[in-house]
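Asker: Here you go, this is final.cif (mmCIF, C-alpha atoms).
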```cif
data_target
#
loop_
_atom_site.group_PDB
_atom_site.id
_atom_site.type_symbol
_atom_site.label_atom_id
_atom_site.label_comp_id
_atom_site.auth_asym_id
_atom_site.auth_seq_id
_atom_site.Cartn_x
_atom_site.Cartn_y
_atom_site.Cartn_z
ATOM 1 C CA MET A 14 235.883 50.080 177.729
ATOM 2 C CA SER A 15 234.026 50.410 174.439
ATOM 3 C CA SER A 16 231.576 53.179 173.540
ATOM 4 C CA HIS A 17 228.432 51.117 174.206
ATOM 5 C CA ALA A 18 226.132 51.994 177.078
ATOM 6 C CA THR A 19 227.709 50.823 180.311
ATOM 7 C CA ARG A 20 226.067 47.615 181.563
ATOM 8 C CA VAL A 21 225.763 47.760 185.316
ATOM 9 C CA VAL A 22 224.440 45.502 188.064
ATOM 10 C CA ILE A 23 223.792 46.954 191.525
ATOM 11 C CA THR A 24 222.779 45.027 194.616
ATOM 12 C CA GLY A 25 221.411 47.085 197.478
ATOM 13 C CA ALA A 26 219.875 49.392 194.876
ATOM 14 C CA SER A 27 216.563 50.192 196.565
ATOM 15 C CA SER A 28 217.813 53.064 198.759
ATOM 16 C CA GLY A 29 220.825 55.061 199.891
ATOM 17 C CA ILE A 30 224.142 54.922 198.039
ATOM 18 C CA GLY A 31 223.053 52.037 195.807
ATOM 19 C CA ALA A 32 219.981 53.984 194.682
ATOM 20 C CA ALA A 33 221.953 57.200 194.136
ATOM 21 C CA THR A 34 224.520 55.287 192.089
ATOM 22 C CA ALA A 35 221.822 53.681 189.944
ATOM 23 C CA ILE A 36 220.414 57.110 189.118
ATOM 24 C CA ALA A 37 223.895 58.521 188.461
ATOM 25 C CA PHE A 38 224.660 55.710 186.010
ATOM 26 C CA ALA A 39 221.248 56.154 184.404
ATOM 27 C CA ARG A 40 222.108 59.796 183.658
ATOM 28 C CA THR A 41 224.977 58.500 181.514
ATOM 29 C CA GLY A 42 222.560 56.298 179.543
ATOM 30 C CA ALA A 43 223.609 53.075 181.258
ATOM 31 C CA ARG A 44 221.691 49.807 181.120
ATOM 32 C CA LEU A 45 221.005 48.624 184.639
ATOM 33 C CA VAL A 46 219.862 45.555 186.500
ATOM 34 C CA LEU A 47 218.947 46.429 190.065
ATOM 35 C CA GLY A 48 218.567 44.000 192.949
ATOM 36 C CA ALA A 49 217.459 44.340 196.578
ATOM 37 C CA ARG A 50 215.047 42.799 199.101
ATOM 38 C CA GLY A 51 212.412 45.533 198.838
ATOM 39 C CA GLU A 52 210.273 45.605 195.707
ATOM 40 C CA ALA A 53 208.694 48.987 196.495
ATOM 41 C CA GLY A 54 212.110 50.607 196.726
ATOM 42 C CA LEU A 55 213.330 48.918 193.549
ATOM 43 C CA GLN A 56 210.270 50.060 191.591
ATOM 44 C CA ASP A 57 210.827 53.622 192.780
ATOM 45 C CA ILE A 58 214.501 53.720 191.814
ATOM 46 C CA ALA A 59 213.909 52.023 188.449
ATOM 47 C CA ARG A 60 211.322 54.704 187.656
ATOM 48 C CA ARG A 61 213.790 57.443 188.575
ATOM 49 C CA CYS A 62 216.458 55.828 186.400
ATOM 50 C CA ARG A 63 214.149 55.730 183.400
ATOM 51 C CA GLU A 64 213.151 59.359 183.924
ATOM 52 C CA VAL A 65 216.771 60.471 183.503
ATOM 53 C CA GLY A 66 217.498 58.367 180.427
ATOM 54 C CA GLY A 67 218.633 54.998 181.703
ATOM 55 C CA ILE A 68 217.268 51.509 181.102
ATOM 56 C CA ALA A 69 216.565 49.653 184.341
ATOM 57 C CA ASP A 70 215.310 46.163 185.094
ATOM 58 C CA ILE A 71 214.718 44.981 188.636
ATOM 59 C CA GLN A 72 214.711 41.711 190.515
ATOM 60 C CA VAL A 73 213.951 41.096 194.161
ATOM 61 C CA VAL A 74 216.852 39.135 195.642
ATOM 62 C CA ASP A 75 218.108 38.331 199.126
ATOM 63 C CA THR A 76 221.859 38.528 198.698
ATOM 64 C CA THR A 77 222.485 36.439 201.817
ATOM 65 C CA ASP A 78 221.151 33.488 199.750
ATOM 66 C CA ALA A 79 224.045 32.360 197.541
ATOM 67 C CA ALA A 80 221.834 30.351 195.171
ATOM 68 C CA ALA A 81 219.511 33.330 194.707
ATOM 69 C CA VAL A 82 222.462 35.584 193.905
ATOM 70 C CA ALA A 83 223.811 33.092 191.357
ATOM 71 C CA SER A 84 220.413 33.043 189.660
ATOM 72 C CA PHE A 85 220.242 36.839 189.767
ATOM 73 C CA ALA A 86 223.678 37.127 188.154
ATOM 74 C CA ALA A 87 222.757 34.723 185.373
ATOM 75 C CA SER A 88 219.551 36.662 184.688
ATOM 76 C CA ALA A 89 221.454 39.949 184.639
ATOM 77 C CA ARG A 90 224.007 38.570 182.183
ATOM 78 C CA ASP A 91 221.222 37.300 179.929
ATOM 79 C CA LEU A 92 219.455 40.673 180.028
ATOM 80 C CA LEU A 93 222.581 42.761 179.429
ATOM 81 C CA GLY A 94 224.598 40.413 177.224
ATOM 82 C CA GLU A 95 227.709 41.167 179.275
ATOM 83 C CA ILE A 96 228.344 42.886 182.609
ATOM 84 C CA ASP A 97 230.783 45.799 182.664
ATOM 85 C CA LEU A 98 230.485 46.709 186.331
ATOM 86 C CA TRP A 99 228.905 45.067 189.363
ATOM 87 C CA PHE A 100 228.417 47.231 192.438
ATOM 88 C CA SER A 101 227.922 45.365 195.724
ATOM 89 C CA CYS A 102 226.221 47.927 197.938
ATOM 90 C CA VAL A 103 224.107 45.876 200.333
ATOM 91 C CA GLY A 104 224.626 47.009 203.909
ATOM 92 C CA VAL A 105 222.891 47.102 207.281
ATOM 93 C CA GLY A 106 223.878 48.083 210.787
ATOM 94 C CA VAL A 107 222.966 47.687 214.418
ATOM 95 C CA VAL A 108 224.015 50.161 217.103
ATOM 96 C CA GLY A 109 224.466 49.358 220.783
ATOM 97 C CA ARG A 110 226.945 48.000 223.293
ATOM 98 C CA TYR A 111 228.036 44.604 222.010
ATOM 99 C CA HIS A 112 226.695 42.567 224.949
ATOM 100 C CA GLU A 113 223.341 44.392 224.889
ATOM 101 C CA VAL A 114 222.556 43.621 221.244
ATOM 102 C CA PRO A 115 220.981 40.209 220.489
ATOM 103 C CA ILE A 116 223.552 37.887 218.953
ATOM 104 C CA ALA A 117 221.104 37.128 216.134
ATOM 105 C CA ASP A 118 221.275 40.791 215.139
ATOM 106 C CA HIS A 119 225.075 40.712 215.091
ATOM 107 C CA ALA A 120 224.969 37.564 212.951
ATOM 108 C CA ARG A 121 222.569 39.209 210.523
ATOM 109 C CA VAL A 122 224.946 42.151 210.079
ATOM 110 C CA ILE A 123 227.799 39.774 209.229
ATOM 111 C CA ASP A 124 225.595 37.789 206.838
ATOM 112 C CA THR A 125 224.440 40.935 205.060
ATOM 113 C CA ASN A 126 227.550 43.085 204.999
ATOM 114 C CA LEU A 127 230.187 40.409 204.466
ATOM 115 C CA LEU A 128 228.738 37.136 203.201
ATOM 116 C CA SER A 129 226.348 38.791 200.752
ATOM 117 C CA HIS A 130 229.262 40.634 199.108
ATOM 118 C CA MET A 131 231.137 37.343 198.937
ATOM 119 C CA ASN A 132 228.054 35.804 197.307
ATOM 120 C CA ASP A 133 228.009 38.629 194.754
ATOM 121 C CA ALA A 134 231.668 38.153 193.904
ATOM 122 C CA HIS A 135 231.293 34.370 193.682
ATOM 123 C CA ALA A 136 228.468 34.836 191.166
ATOM 124 C CA VAL A 137 230.018 37.519 188.978
ATOM 125 C CA LEU A 138 233.700 36.522 188.883
ATOM 126 C CA PRO A 139 233.082 33.540 186.562
ATOM 127 C CA ILE A 140 231.256 35.945 184.225
ATOM 128 C CA PHE A 141 234.171 38.374 184.286
ATOM 129 C CA LEU A 142 236.663 35.557 183.724
ATOM 130 C CA ALA A 143 234.695 34.327 180.713
ATOM 131 C CA GLN A 144 234.586 37.899 179.348
ATOM 132 C CA ASP A 145 238.221 38.488 180.376
ATOM 133 C CA ARG A 146 237.177 41.882 181.736
ATOM 134 C CA GLY A 147 234.880 43.548 184.244
ATOM 135 C CA THR A 148 234.907 45.688 187.374
ATOM 136 C CA TRP A 149 233.639 44.602 190.769
ATOM 137 C CA VAL A 150 233.066 47.537 193.127
ATOM 138 C CA ASN A 151 232.940 46.658 196.803
ATOM 139 C CA MET A 152 231.221 49.238 199.031
ATOM 140 C CA ILE A 153 233.026 49.150 202.358
ATOM 141 C CA SER A 154 233.360 52.382 204.429
ATOM 142 C CA VAL A 155 236.018 54.103 206.447
ATOM 143 C CA GLY A 156 234.858 51.624 209.095
ATOM 144 C CA GLY A 157 237.022 49.107 207.238
ATOM 145 C CA PHE A 158 240.061 50.899 208.663
ATOM 146 C CA PHE A 159 238.741 52.095 212.024
ATOM 147 C CA ALA A 160 236.853 50.085 214.595
ATOM 148 C CA THR A 161 233.482 51.509 215.560
ATOM 149 C CA PRO A 162 232.467 50.982 219.192
ATOM 150 C CA TYR A 163 228.709 50.453 219.593
ATOM 151 C CA ALA A 164 228.821 48.792 216.147
ATOM 152 C CA ALA A 165 231.176 45.850 216.696
ATOM 153 C CA ALA A 166 229.575 43.534 214.135
ATOM 154 C CA TYR A 167 229.602 46.325 211.577
ATOM 155 C CA ALA A 168 233.319 46.830 212.224
ATOM 156 C CA ALA A 169 233.952 43.098 211.879
ATOM 157 C CA SER A 170 232.102 42.991 208.560
ATOM 158 C CA LYS A 171 233.918 46.000 207.109
ATOM 159 C CA PHE A 172 237.379 44.856 208.226
ATOM 160 C CA GLY A 173 236.507 41.493 206.680
ATOM 161 C CA LEU A 174 235.439 43.075 203.393
ATOM 162 C CA ARG A 175 238.750 44.912 203.110
ATOM 163 C CA GLY A 176 240.703 41.692 203.545
ATOM 164 C CA PHE A 177 238.401 39.877 201.133
ATOM 165 C CA SER A 178 238.986 42.453 198.412
ATOM 166 C CA GLU A 179 242.742 42.314 198.880
ATOM 167 C CA ALA A 180 242.661 38.532 198.512
ATOM 168 C CA LEU A 181 240.576 38.716 195.349
ATOM 169 C CA ARG A 182 242.885 41.290 193.807
ATOM 170 C CA GLY A 183 245.715 38.835 194.307
ATOM 171 C CA GLU A 184 243.765 36.095 192.544
ATOM 172 C CA VAL A 185 242.968 38.224 189.469
ATOM 173 C CA SER A 186 246.335 40.005 189.342
ATOM 174 C CA LYS A 187 247.238 38.230 186.094
ATOM 175 C CA ARG A 188 243.992 39.435 184.478
ATOM 176 C CA PRO A 189 244.732 43.114 183.767
ATOM 177 C CA HIS A 190 241.201 43.891 182.571
ATOM 178 C CA ILE A 191 239.452 42.537 185.679
ATOM 179 C CA HIS A 192 239.356 45.009 188.540
ATOM 180 C CA VAL A 193 238.428 44.799 192.215
ATOM 181 C CA CYS A 194 237.692 48.299 193.508
ATOM 182 C CA ASP A 195 236.985 49.301 197.115
ATOM 183 C CA VAL A 196 235.074 52.431 198.122
ATOM 184 C CA TYR A 197 235.520 53.910 201.604
ATOM 185 C CA PRO A 198 233.160 56.791 202.388
ATOM 186 C CA THR A 199 232.883 58.533 205.725
ATOM 187 C CA PHE A 200 229.397 59.107 207.198
ATOM 188 C CA VAL A 201 226.749 59.377 204.470
ATOM 189 C CA ASP A 202 223.260 60.838 204.844
ATOM 190 C CA THR A 203 221.062 57.960 203.671
ATOM 191 C CA PRO A 204 217.899 56.259 204.958
ATOM 192 C CA GLY A 205 220.196 53.583 206.399
ATOM 193 C CA ILE A 206 220.124 55.249 209.789
ATOM 194 C CA ASP A 207 216.331 54.866 209.825
ATOM 195 C CA HIS A 208 216.656 51.199 208.881
ATOM 196 C CA ALA A 209 219.357 50.328 211.421
ATOM 197 C CA GLY A 210 218.873 48.196 214.481
ATOM 198 C CA ASN A 211 219.170 50.304 217.614
ATOM 199 C CA TYR A 212 219.744 49.162 221.188
ATOM 200 C CA THR A 213 221.198 52.368 222.622
ATOM 201 C CA GLY A 214 218.038 53.675 224.253
ATOM 202 C CA ALA A 215 218.517 56.869 222.213
ATOM 203 C CA LYS A 216 217.297 58.138 218.860
ATOM 204 C CA LEU A 217 219.996 57.706 216.207
ATOM 205 C CA SER A 218 221.445 60.735 214.439
ATOM 206 C CA LEU A 219 224.323 61.598 212.118
ATOM 207 C CA PRO A 220 227.401 63.749 212.842
ATOM 208 C CA PRO A 221 227.801 67.160 211.192
ATOM 209 C CA GLY A 222 229.145 67.103 207.668
ATOM 210 C CA SER A 223 227.771 63.750 206.541
ATOM 211 C CA LEU A 224 228.143 63.260 202.797
ATOM 212 C CA ALA A 225 225.348 63.342 200.256
ATOM 213 C CA PRO A 226 224.865 59.860 198.725
ATOM 214 C CA GLU A 227 225.310 61.462 195.298
ATOM 215 C CA THR A 228 228.898 62.320 196.226
ATOM 216 C CA VAL A 229 229.700 58.655 196.718
ATOM 217 C CA ALA A 230 227.725 57.730 193.595
ATOM 218 C CA LYS A 231 229.914 59.997 191.446
ATOM 219 C CA ALA A 232 232.997 58.208 192.719
ATOM 220 C CA VAL A 233 231.545 54.817 191.793
ATOM 221 C CA VAL A 234 230.544 55.987 188.309
ATOM 222 C CA ARG A 235 234.133 57.164 187.717
ATOM 223 C CA LEU A 236 235.369 53.662 188.468
ATOM 224 C CA ALA A 237 233.593 52.344 185.370
ATOM 225 C CA ARG A 238 236.052 54.315 183.240
ATOM 226 C CA HIS A 239 238.998 54.606 185.582
ATOM 227 C CA PRO A 240 239.197 51.614 187.941
ATOM 228 C CA ARG A 241 241.401 51.936 191.001
ATOM 229 C CA ASN A 242 241.955 49.687 193.966
ATOM 230 C CA THR A 243 241.026 52.148 196.705
ATOM 231 C CA THR A 244 238.750 55.174 196.627
ATOM 232 C CA VAL A 245 238.247 57.194 199.798
ATOM 233 C CA VAL A 246 235.305 59.619 199.757
ATOM 234 C CA GLY A 247 235.130 62.396 202.351
ATOM 235 C CA ALA A 248 237.985 64.671 203.368
ATOM 236 C CA PRO A 249 238.475 63.366 206.919
ATOM 237 C CA ALA A 250 239.023 59.759 205.848
ATOM 238 C CA ILE A 251 242.625 60.092 204.700
ATOM 239 C CA ALA A 252 243.551 61.927 207.880
ATOM 240 C CA LEU A 253 241.876 59.221 209.935
ATOM 241 C CA LYS A 254 243.960 56.578 208.139
ATOM 242 C CA VAL A 255 247.082 58.529 209.010
ATOM 243 C CA GLY A 256 245.951 58.866 212.619
ATOM 244 C CA GLN A 257 245.281 55.138 212.902
ATOM 245 C CA PHE A 258 248.751 54.392 211.573
ATOM 246 C CA ALA A 259 250.344 56.777 214.068
ATOM 247 C CA ALA A 260 248.253 55.883 217.113
ATOM 248 C CA PRO A 261 246.444 52.516 216.795
ATOM 249 C CA ASN A 262 243.281 52.163 218.903
ATOM 250 C CA LEU A 263 243.211 55.860 219.823
ATOM 251 C CA GLY A 264 240.341 56.555 217.427
ATOM 252 C CA ALA A 265 238.258 53.684 218.784
ATOM 253 C CA ALA A 266 238.776 54.831 222.360
ATOM 254 C CA MET A 267 237.825 58.397 221.466
ATOM 255 C CA MET A 268 234.752 57.176 219.579
ATOM 256 C CA ASN A 269 233.693 55.051 222.528
ATOM 257 C CA GLY A 270 233.844 58.068 224.822
ATOM 258 C CA PHE A 271 231.834 60.106 222.362
ATOM 259 C CA MET A 272 229.200 57.388 222.041
ATOM 260 C CA ASP A 273 228.876 57.089 225.827
ATOM 261 C CA ILE A 274 228.213 60.816 226.124
ATOM 262 C CA TRP A 275 225.897 60.867 223.108
ATOM 263 C CA SER A 276 223.718 57.989 224.324
ATOM 264 C CA ASP A 277 223.280 59.720 227.679
ATOM 265 C CA ARG A 278 222.283 63.055 226.150
ATOM 266 C CA ALA A 279 220.389 62.120 222.978
ATOM 267 C CA GLU A 280 216.631 62.093 222.607
ATOM 268 C CA PRO A 281 215.244 58.800 223.969
ATOM 269 C CA GLY A 282 214.427 56.017 221.498
ATOM 270 C CA GLU A 283 213.010 52.496 221.558
ATOM 271 C CA ASP A 284 215.044 49.339 221.040
ATOM 272 C CA THR A 285 214.393 47.848 217.617
ATOM 273 C CA PRO A 286 215.992 45.458 215.106
ATOM 274 C CA GLY A 287 215.070 47.927 212.352
ATOM 275 C CA THR A 288 214.956 46.303 208.942
ATOM 276 C CA LEU A 289 217.642 43.711 209.659
ATOM 277 C CA PHE A 290 215.269 40.802 209.098
ATOM 278 C CA ALA A 291 212.599 42.300 206.836
ATOM 279 C CA ALA A 292 212.757 44.681 203.902
ATOM 280 C CA PRO A 293 211.214 48.147 204.262
ATOM 281 C CA GLY A 294 207.598 48.094 203.171
ATOM 282 C CA THR A 295 207.794 51.429 201.357
ATOM 283 C CA ALA A 296 210.257 53.252 199.135
ATOM 284 C CA SER A 297 212.774 55.422 200.980
ATOM 285 C CA GLY A 298 214.922 56.808 198.156
ATOM 286 C CA PRO A 299 218.611 57.732 198.148
ATOM 287 C CA ASP A 300 218.689 60.575 200.661
ATOM 288 C CA GLY A 301 218.303 60.641 204.434
ATOM 289 C CA GLY A 302 217.420 64.347 204.486
ATOM 290 C CA ARG A 303 219.502 65.219 207.540
ATOM 291 C CA ARG A 304 222.104 67.561 206.060
ATOM 292 C CA HIS A 305 222.054 71.274 206.890
ATOM 293 C CA PRO A 306 224.301 74.145 205.721
ATOM 294 C CA GLU A 307 225.480 74.926 209.247
ATOM 295 C CA HIS A 308 226.490 71.274 209.668
ATOM 296 C CA ARG A 309 228.579 71.437 206.515
ATOM 297 C CA ARG A 310 230.402 74.528 207.818
ATOM 298 C CA LYS A 311 231.145 72.742 211.085
ATOM 299 C CA ALA A 312 232.357 69.719 209.137
ATOM 300 C CA THR A 313 234.887 71.825 207.224
ATOM 301 C CA VAL A 314 236.354 73.005 210.511
ATOM 302 C CA ALA A 315 236.306 69.447 211.899
ATOM 303 C CA ALA A 316 238.015 68.061 208.792
ATOM 304 C CA GLY A 317 240.801 70.602 209.170
ATOM 305 C CA ALA A 318 241.242 69.717 212.826
ATOM 306 C CA ILE A 319 241.338 65.986 212.072
ATOM 307 C CA THR A 320 243.863 66.527 209.275
ATOM 308 C CA ALA A 321 246.089 68.528 211.603
ATOM 309 C CA ALA A 322 245.795 65.836 214.262
ATOM 310 C CA GLY A 323 246.710 63.152 211.735
ATOM 311 C CA ILE A 324 249.786 65.042 210.585
ATOM 312 C CA ALA A 325 250.801 65.666 214.185
ATOM 313 C CA GLY A 326 250.377 61.954 214.907
ATOM 314 C CA ILE A 327 252.642 60.994 212.027
ATOM 315 C CA GLY A 328 255.192 63.524 213.212
ATOM 316 C CA ALA A 329 255.128 62.045 216.701
ATOM 317 C CA TRP A 330 255.501 58.525 215.318
ATOM 318 C CA TRP A 331 258.433 59.563 213.123
ATOM 319 C CA TRP A 332 260.115 61.285 216.084
ATOM 320 C CA ARG A 333 259.734 58.171 218.239
ATOM 321 C CA GLN A 334 261.242 56.034 215.478
ATOM 322 C CA ARG A 335 264.194 58.385 215.109
ATOM 323 C CA ARG A 336 264.871 58.133 218.847
#
```
Just dump the structure as structure tokens.

Answerer:
Amino acid sequence: MSSHATRVVITGASSGIGAATAIAFARTGARLVLGARGEAGLQDIARRCREVGGIADIQVVDTTDAAAVASFAASARDLLGEIDLWFSCVGVGVVGRYHEVPIADHARVIDTNLLSHMNDAHAVLPIFLAQDRGTWVNMISVGGFFATPYAAAYAASKFGLRGFSEALRGEVSKRPHIHVCDVYPTFVDTPGIDHAGNYTGAKLSLPPGSLAPETVAKAVVRLARHPRNTTVVGAPAIALKVGQFAAPNLGAAMMNGFMDIWSDRAEPGEDTPGTLFAAPGTASGPDGGRRHPEHRRKATVAAGAITAAGIAGIGAWWWRQRR
């Protein structure tokens, strides 16, 4: 990539990981075009980008609308001249037993998490092909490898995104300067948990050791200079991949048991679709504000335990194969 300021487009830029990544790119002097449903959030993040030295333009866009995304991409190209990196970071969730969540909410999760990323790629790939270069970064999550009970539509969308990326990489394999990069973080402390639909009857919370959104943002910024197919963020993720390989479905069963116990013991909450169908009315920023030092210490211990379990699982699998 040349020495000019990196030209970046981010969808889902009004809060959470997308917002943190916009600010991280802005610190490098990048030129940014930011898109999301919520204008208040976009205005807030654009201001923060400018305060740290970046140039940021915004456009309200519903990425589930393919025509709107195509128009957004054309506007971004006209503003920037060319697009070096496009980060698809739109994402929503709904938590609850599958049959207790309205099917319209499940459909909205698929539309937002899967189809909107496909809309992004459909709009930007012709631009990359005309340039003969460019990097598309697809925000997935470790949920693209491991099913998440109580979030079945989310799991479907993330498994789908992983397959979609693999297919696209095959299609551009003869274009060495066009890259399709996947990012798989573990739990991240963002406002997303406040925006999620919730039909558990309990107040949603995050597990100990959730990542700061800035940690994921740094990984995305690195991809502008050093593209790679798969980036896993968060120590437990690799061990979880190993565990899934060694003992398929074990993680989902364990998670289901945990969720059953959690929903019975957690502070009560009201059923809500969250912001699935309407953008937040106010800015919420990158951070969820739920991390605590004692949680991070517990997470270090948990990561070690999960790693050991993953290695043990591989050992057991290898032993069975040898027999």

Asker: If we count only C-alpha atoms and set the cut-off at 8 Å, which residues sit around segment 107-119 of chain A, ignoring sequence neighbours fewer than 3 positions away in its own chain? Please answer as number ranges by chain.

Answerer: A: 122-123, 162-167, 209-213, 286, 289

Asker: Find the residues around Asp133 of chain A up to 9 Å (all atoms listed in the file counted), leave out those fewer than 6 positions away in its own chain, and share them as a short mmCIF file (atom, residue, chain, number, x, y, z; two decimals) with C-alpha atoms, in the frame of the given file.

Answerer:
```cif
data_model
loop_
_atom_site.label_atom_id
_atom_site.label_comp_id
_atom_site.auth_asym_id
_atom_site.auth_seq_id
_atom_site.Cartn_x
_atom_site.Cartn_y
_atom_site.Cartn_z
CA THR A 24 222.78 45.03 194.62
CA THR A 76 221.86 38.53 198.70
CA ALA A 79 224.04 32.36 197.54
CA VAL A 82 222.46 35.58 193.90
CA ALA A 83 223.81 33.09 191.36
CA ALA A 86 223.68 37.13 188.15
CA TRP A 99 228.90 45.07 189.36
CA PHE A 100 228.42 47.23 192.44
CA SER A 101 227.92 45.36 195.72
#
```

Asker: Would you mind telling me which residue in A:Val155, A:Ala18, A:Ala49, A:Ile58 lies nearest to Gly298 of chain A when using only C-alpha atoms?

Answerer: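 Residue with the minimum atom-to-atom distance to Gly298 of chain A: A:Ile58.
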
Asker: At a cut-off of 10 Å, using only C-alpha atoms, what residues contact segment 89-96 of chain A? Leave out same-chain residues fewer than 5 positions from it and give the result as a PyMOL selection string.

Answerer: chain A and resi 19-22+44-48+70-72+83-84+137+140-141+143-144+146-149

Asker: Write a file of the just-selected residues containing C-alpha atoms, as a short mmCIF file (atom, residue, chain, number, x, y, z; two decimals), in the frame of the given file.

Answerer:
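Done, and the output landed in part_9.cif:
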```
data_model
loop_
_atom_site.label_atom_id
_atom_site.label_comp_id
_atom_site.auth_asym_id
_atom_site.auth_seq_id
_atom_site.Cartn_x
_atom_site.Cartn_y
_atom_site.Cartn_z
CA THR A 19 227.71 50.82 180.31
CA ARG A 20 226.07 47.62 181.56
CA VAL A 21 225.76 47.76 185.32
CA VAL A 22 224.44 45.50 188.06
CA ARG A 44 221.69 49.81 181.12
CA LEU A 45 221.00 48.62 184.64
CA VAL A 46 219.86 45.56 186.50
CA LEU A 47 218.95 46.43 190.06
CA GLY A 48 218.57 44.00 192.95
CA ASP A 70 215.31 46.16 185.09
CA ILE A 71 214.72 44.98 188.64
CA GLN A 72 214.71 41.71 190.52
CA ALA A 83 223.81 33.09 191.36
CA SER A 84 220.41 33.04 189.66
CA VAL A 137 230.02 37.52 188.98
CA ILE A 140 231.26 35.94 184.22
CA PHE A 141 234.17 38.37 184.29
CA ALA A 143 234.70 34.33 180.71
CA GLN A 144 234.59 37.90 179.35
CA ARG A 146 237.18 41.88 181.74
CA GLY A 147 234.88 43.55 184.24
CA THR A 148 234.91 45.69 187.37
CA TRP A 149 233.64 44.60 190.77
#
```

Asker: Going by the chain IDs and residue numbers used in this file, which residues fall under the PyMOL selection byres ((chain A and resi 151) around 8)? Write them as an mmCIF file with C-alpha atoms, in the coordinates of the input.

Answerer:
```cif
data_model
loop_
_atom_site.group_PDB
_atom_site.id
_atom_site.type_symbol
_atom_site.label_atom_id
_atom_site.label_comp_id
_atom_site.auth_asym_id
_atom_site.auth_seq_id
_atom_site.Cartn_x
_atom_site.Cartn_y
_atom_site.Cartn_z
ATOM 1 C CA PHE A 100 228.417 47.231 192.438
ATOM 2 C CA SER A 101 227.922 45.365 195.724
ATOM 3 C CA CYS A 102 226.221 47.927 197.938
ATOM 4 C CA HIS A 130 229.262 40.634 199.108
ATOM 5 C CA TRP A 149 233.639 44.602 190.769
ATOM 6 C CA VAL A 150 233.066 47.537 193.127
ATOM 7 C CA MET A 152 231.221 49.238 199.031
ATOM 8 C CA ILE A 153 233.026 49.150 202.358
ATOM 9 C CA LEU A 174 235.439 43.075 203.393
ATOM 10 C CA SER A 178 238.986 42.453 198.412
ATOM 11 C CA VAL A 193 238.428 44.799 192.215
ATOM 12 C CA CYS A 194 237.692 48.299 193.508
ATOM 13 C CA ASP A 195 236.985 49.301 197.115
ATOM 14 C CA VAL A 196 235.074 52.431 198.122
#
```
